[in-house]
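K.L.:
So that you have it, the file is protein-v4.pdb, and it contains PDB, C-alpha atoms, pLDDT in the B column:
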ATOM      1  CA  MET A1484     -52.407 -46.264  12.968  1.00 46.00           C
ATOM      2  CA  ALA A1485     -49.447 -47.249  10.846  1.00 57.00           C
ATOM      3  CA  THR A1486     -50.131 -48.139   7.253  1.00 70.00           C
ATOM      4  CA  LYS A1487     -48.850 -51.320   5.676  1.00 80.00           C
ATOM      5  CA  LYS A1488     -46.436 -49.326   3.522  1.00 81.00           C
ATOM      6  CA  TYR A1489     -44.948 -47.610   6.607  1.00 81.00           C
ATOM      7  CA  ILE A1490     -44.475 -50.927   8.405  1.00 85.00           C
ATOM      8  CA  GLU A1491     -42.936 -52.417   5.278  1.00 88.00           C
ATOM      9  CA  LEU A1492     -40.484 -49.505   4.965  1.00 87.00           C
ATOM     10  CA  GLN A1493     -39.223 -50.013   8.514  1.00 88.00           C
ATOM     11  CA  GLU A1494     -37.948 -53.444   7.509  1.00 90.00           C
ATOM     12  CA  TYR A1495     -35.845 -52.108   4.604  1.00 91.00           C
ATOM     13  CA  SER A1496     -32.138 -51.441   4.854  1.00 92.00           C
ATOM     14  CA  ALA A1497     -30.783 -47.963   4.137  1.00 91.00           C
ATOM     15  CA  GLU A1498     -29.654 -48.986   0.652  1.00 94.00           C
ATOM     16  CA  GLU A1499     -33.044 -50.523  -0.130  1.00 94.00           C
ATOM     17  CA  LEU A1500     -34.761 -47.322   0.999  1.00 94.00           C
ATOM     18  CA  VAL A1501     -32.663 -45.209  -1.361  1.00 95.00           C
ATOM     19  CA  ASN A1502     -33.382 -47.610  -4.228  1.00 95.00           C
ATOM     20  CA  GLU A1503     -37.084 -47.585  -3.412  1.00 94.00           C
ATOM     21  CA  LEU A1504     -37.062 -43.783  -3.309  1.00 95.00           C
ATOM     22  CA  ASN A1505     -35.421 -43.570  -6.735  1.00 97.00           C
ATOM     23  CA  GLN A1506     -37.871 -46.082  -8.217  1.00 96.00           C
ATOM     24  CA  THR A1507     -40.845 -44.270  -6.721  1.00 95.00           C
ATOM     25  CA  ILE A1508     -39.664 -40.892  -8.007  1.00 97.00           C
ATOM     26  CA  ASN A1509     -39.235 -42.376 -11.488  1.00 97.00           C
ATOM     27  CA  GLN A1510     -42.696 -43.910 -11.243  1.00 96.00           C
ATOM     28  CA  TYR A1511     -44.153 -40.545 -10.195  1.00 96.00           C
ATOM     29  CA  GLN A1512     -42.541 -38.766 -13.137  1.00 97.00           C
ATOM     30  CA  LYS A1513     -43.854 -41.393 -15.542  1.00 96.00           C
ATOM     31  CA  VAL A1514     -47.389 -41.275 -14.115  1.00 95.00           C
ATOM     32  CA  LYS A1515     -47.355 -37.468 -14.137  1.00 95.00           C
ATOM     33  CA  PHE A1516     -46.226 -37.445 -17.771  1.00 95.00           C
ATOM     34  CA  ASP A1517     -48.882 -39.994 -18.741  1.00 93.00           C
ATOM     35  CA  HIS A1518     -51.521 -37.908 -16.991  1.00 94.00           C
ATOM     36  CA  ALA A1519     -50.442 -34.772 -18.865  1.00 93.00           C
ATOM     37  CA  ILE A1520     -50.428 -36.508 -22.259  1.00 93.00           C
ATOM     38  CA  ARG A1521     -53.454 -38.782 -22.261  1.00 92.00           C
ATOM     39  CA  GLY A1522     -54.982 -38.591 -18.806  1.00 90.00           C
ATOM     40  CA  LEU A1523     -55.292 -41.317 -16.201  1.00 87.00           C
ATOM     41  CA  ASP A1524     -58.256 -43.507 -15.401  1.00 90.00           C
ATOM     42  CA  ASN A1525     -57.685 -42.731 -11.731  1.00 90.00           C
ATOM     43  CA  PRO A1526     -55.815 -39.453 -11.133  1.00 89.00           C
ATOM     44  CA  LEU A1527     -55.649 -40.215  -7.411  1.00 92.00           C
ATOM     45  CA  VAL A1528     -52.699 -42.457  -8.273  1.00 93.00           C
ATOM     46  CA  LEU A1529     -50.613 -39.255  -8.384  1.00 94.00           C
ATOM     47  CA  ARG A1530     -51.485 -38.504  -4.776  1.00 94.00           C
ATOM     48  CA  GLU A1531     -50.723 -42.062  -3.666  1.00 93.00           C
ATOM     49  CA  VAL A1532     -47.296 -42.019  -5.291  1.00 94.00           C
ATOM     50  CA  ARG A1533     -46.486 -38.585  -3.811  1.00 95.00           C
ATOM     51  CA  ARG A1534     -47.427 -39.879  -0.378  1.00 94.00           C
ATOM     52  CA  ASP A1535     -45.253 -42.959  -0.881  1.00 93.00           C
ATOM     53  CA  ILE A1536     -42.322 -40.641  -1.673  1.00 95.00           C
ATOM     54  CA  ALA A1537     -43.042 -38.695   1.509  1.00 95.00           C
ATOM     55  CA  ARG A1538     -43.216 -41.905   3.572  1.00 94.00           C
ATOM     56  CA  ILE A1539     -39.855 -43.058   2.262  1.00 95.00           C
ATOM     57  CA  ASN A1540     -38.262 -39.658   2.920  1.00 96.00           C
ATOM     58  CA  MET A1541     -39.750 -39.661   6.418  1.00 94.00           C
ATOM     59  CA  GLU A1542     -38.249 -43.073   7.188  1.00 94.00           C
ATOM     60  CA  ILE A1543     -34.827 -42.004   5.897  1.00 95.00           C
ATOM     61  CA  ARG A1544     -34.945 -38.848   8.042  1.00 93.00           C
ATOM     62  CA  ARG A1545     -36.162 -40.785  11.090  1.00 93.00           C
ATOM     63  CA  ARG A1546     -33.144 -43.047  10.819  1.00 94.00           C
ATOM     64  CA  GLU A1547     -30.824 -40.045  10.453  1.00 92.00           C
ATOM     65  CA  LEU A1548     -32.230 -38.542  13.650  1.00 90.00           C
ATOM     66  CA  GLU A1549     -31.885 -41.841  15.512  1.00 91.00           C
ATOM     67  CA  ALA A1550     -28.229 -42.028  14.502  1.00 92.00           C
ATOM     68  CA  MET A1551     -27.454 -38.550  15.860  1.00 88.00           C
ATOM     69  CA  THR A1552     -25.544 -38.131  19.082  1.00 89.00           C
ATOM     70  CA  PRO A1553     -27.154 -36.230  21.975  1.00 87.00           C
ATOM     71  CA  GLU A1554     -24.883 -33.249  21.210  1.00 88.00           C
ATOM     72  CA  GLN A1555     -26.052 -33.158  17.603  1.00 87.00           C
ATOM     73  CA  LEU A1556     -29.675 -33.392  18.710  1.00 83.00           C
ATOM     74  CA  SER A1557     -29.295 -30.516  21.172  1.00 84.00           C
ATOM     75  CA  ALA A1558     -27.666 -28.365  18.470  1.00 84.00           C
ATOM     76  CA  ARG A1559     -30.546 -29.230  16.145  1.00 82.00           C
ATOM     77  CA  THR A1560     -33.048 -28.185  18.794  1.00 81.00           C
ATOM     78  CA  LYS A1561     -31.310 -24.827  19.216  1.00 81.00           C
ATOM     79  CA  ILE A1562     -31.384 -24.222  15.474  1.00 80.00           C
ATOM     80  CA  ARG A1563     -35.082 -25.099  15.278  1.00 81.00           C
ATOM     81  CA  ARG A1564     -35.867 -22.811  18.218  1.00 82.00           C
ATOM     82  CA  ARG A1565     -33.953 -19.929  16.617  1.00 83.00           C
ATOM     83  CA  ARG A1566     -35.816 -20.443  13.327  1.00 82.00           C
ATOM     84  CA  SER A1567     -39.214 -20.472  15.018  1.00 82.00           C
ATOM     85  CA  VAL A1568     -38.432 -17.221  16.836  1.00 81.00           C
ATOM     86  CA  ALA A1569     -37.346 -15.652  13.538  1.00 78.00           C
ATOM     87  CA  ARG A1570     -40.601 -16.744  11.882  1.00 77.00           C
ATOM     88  CA  LYS A1571     -42.722 -15.340  14.698  1.00 78.00           C
ATOM     89  CA  SER A1572     -41.041 -11.949  14.484  1.00 75.00           C
ATOM     90  CA  LYS A1573     -41.894 -11.564  10.767  1.00 67.00           C
TER      91      LYS A1573
END
With the file now loaded, output its structure as structure tokens.

P.N.:
Amino acid sequence: MATKKYIELQEYSAEELVNELNQTINQYQKVKFDHAIRGLDNPLVLREVRRDIARINMEIRRRELEAMTPEQLSARTKIRRRRSVARKSK
């Protein structure tokens, strides 16, 4: 099930997503610093902010993949396949 944040992010433009990502990263750094200095009432806020950063990055990447041509997607698939074979042989 999609979260409210994920649904909200789908409505943003590309520029708004980048701005939101920068704001969220700044917020994470501030919360992390505050936690290191004086502690937080609820340290789970760190996890929530990290997950928000991941959601934003996921939406940006999803849009990049949608914008790719079929040739670019097939090349990407070949690269991923080659990497997985290399990992399995280690």

K.L.:
Nearest to Gln1506 in chain A: which of A:Ile1520, A:Ile1536, A:Lys1488, A:Asn1525 is it, counting all atoms listed in the file?

P.N.:
A:Ile1536

K.L.:
Please provide as a list in words all residues within 12 Å of Thr1486 in chain A, with the sequence filter that same-chain residues fewer than 4 positions apart are discarded (counting only C-alpha atoms).

P.N.:
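The residues satisfying every condition are Ile1490, Glu1491, Leu1492, Gln1493, Arg1534, Asp1535 and Arg1538 of chain A.
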
K.L.:
Dump C-alpha atoms for the selected residues as a PDB file, keeping the file's coordinate frame?

P.N.:
ATOM      1  CA  ILE A1490     -44.475 -50.927   8.405  1.00 85.00           C
ATOM      2  CA  GLU A1491     -42.936 -52.417   5.278  1.00 88.00           C
ATOM      3  CA  LEU A1492     -40.484 -49.505   4.965  1.00 87.00           C
ATOM      4  CA  GLN A1493     -39.223 -50.013   8.514  1.00 88.00           C
ATOM      5  CA  ARG A1534     -47.427 -39.879  -0.378  1.00 94.00           C
ATOM      6  CA  ASP A1535     -45.253 -42.959  -0.881  1.00 93.00           C
ATOM      7  CA  ARG A1538     -43.216 -41.905   3.572  1.00 94.00           C
TER       8      ARG A1538
END

K.L.:
Pick from A:Met1551, A:Ile1562, A:Ile1508, A:Val1501: nearest to Val1532 in chain A, with all atoms listed in the file counted?

P.N.:
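Closest to Val1532 in chain A, using all atoms listed in the file: A:Ile1508.
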
K.L.:
Using Å and a single decimal, report how far CA of Gly1522 in chain A sits from CA of Tyr1489 in chain A.

P.N.:
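Atom-to-atom, CA of Tyr1489 in chain A to CA of Gly1522 in chain A, that is 28.8 Å.
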
K.L.:
To one decimal place, how far is CA of Ile1543 in chain A from CA of Asp1517 in chain A in Å?

P.N.:
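One can read the CA of Ile1543 in chain A to CA of Asp1517 in chain A distance as 28.4 Å.
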
K.L.:
For each of A:Ile1539, A:Ala1558, A:Ala1569, A:Val1528, take the minimum atom-to-atom distance to Lys1515 in chain A, counting all atoms listed in the file, then give the residue where this is smallest.

P.N.:
A:Val1528

K.L.:
Given the choices A:Lys1561, A:Glu1547, A:Glu1542, A:Lys1571, which gets closest to Tyr1495 in chain A if the distance is worked out from all atoms listed in the file?

P.N.:
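Ranking A:Lys1561, A:Glu1547, A:Glu1542, A:Lys1571 by distance to Tyr1495 in chain A, first place goes to A:Glu1542.
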
K.L.:
Would you mind telling me which residue in A:Arg1530, A:Asn1540, A:Lys1487, A:Leu1548 lies nearest to Thr1560 in chain A when using all atoms listed in the file?

P.N.:
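Of the candidates, the smallest distance to Thr1560 in chain A is held by A:Leu1548.
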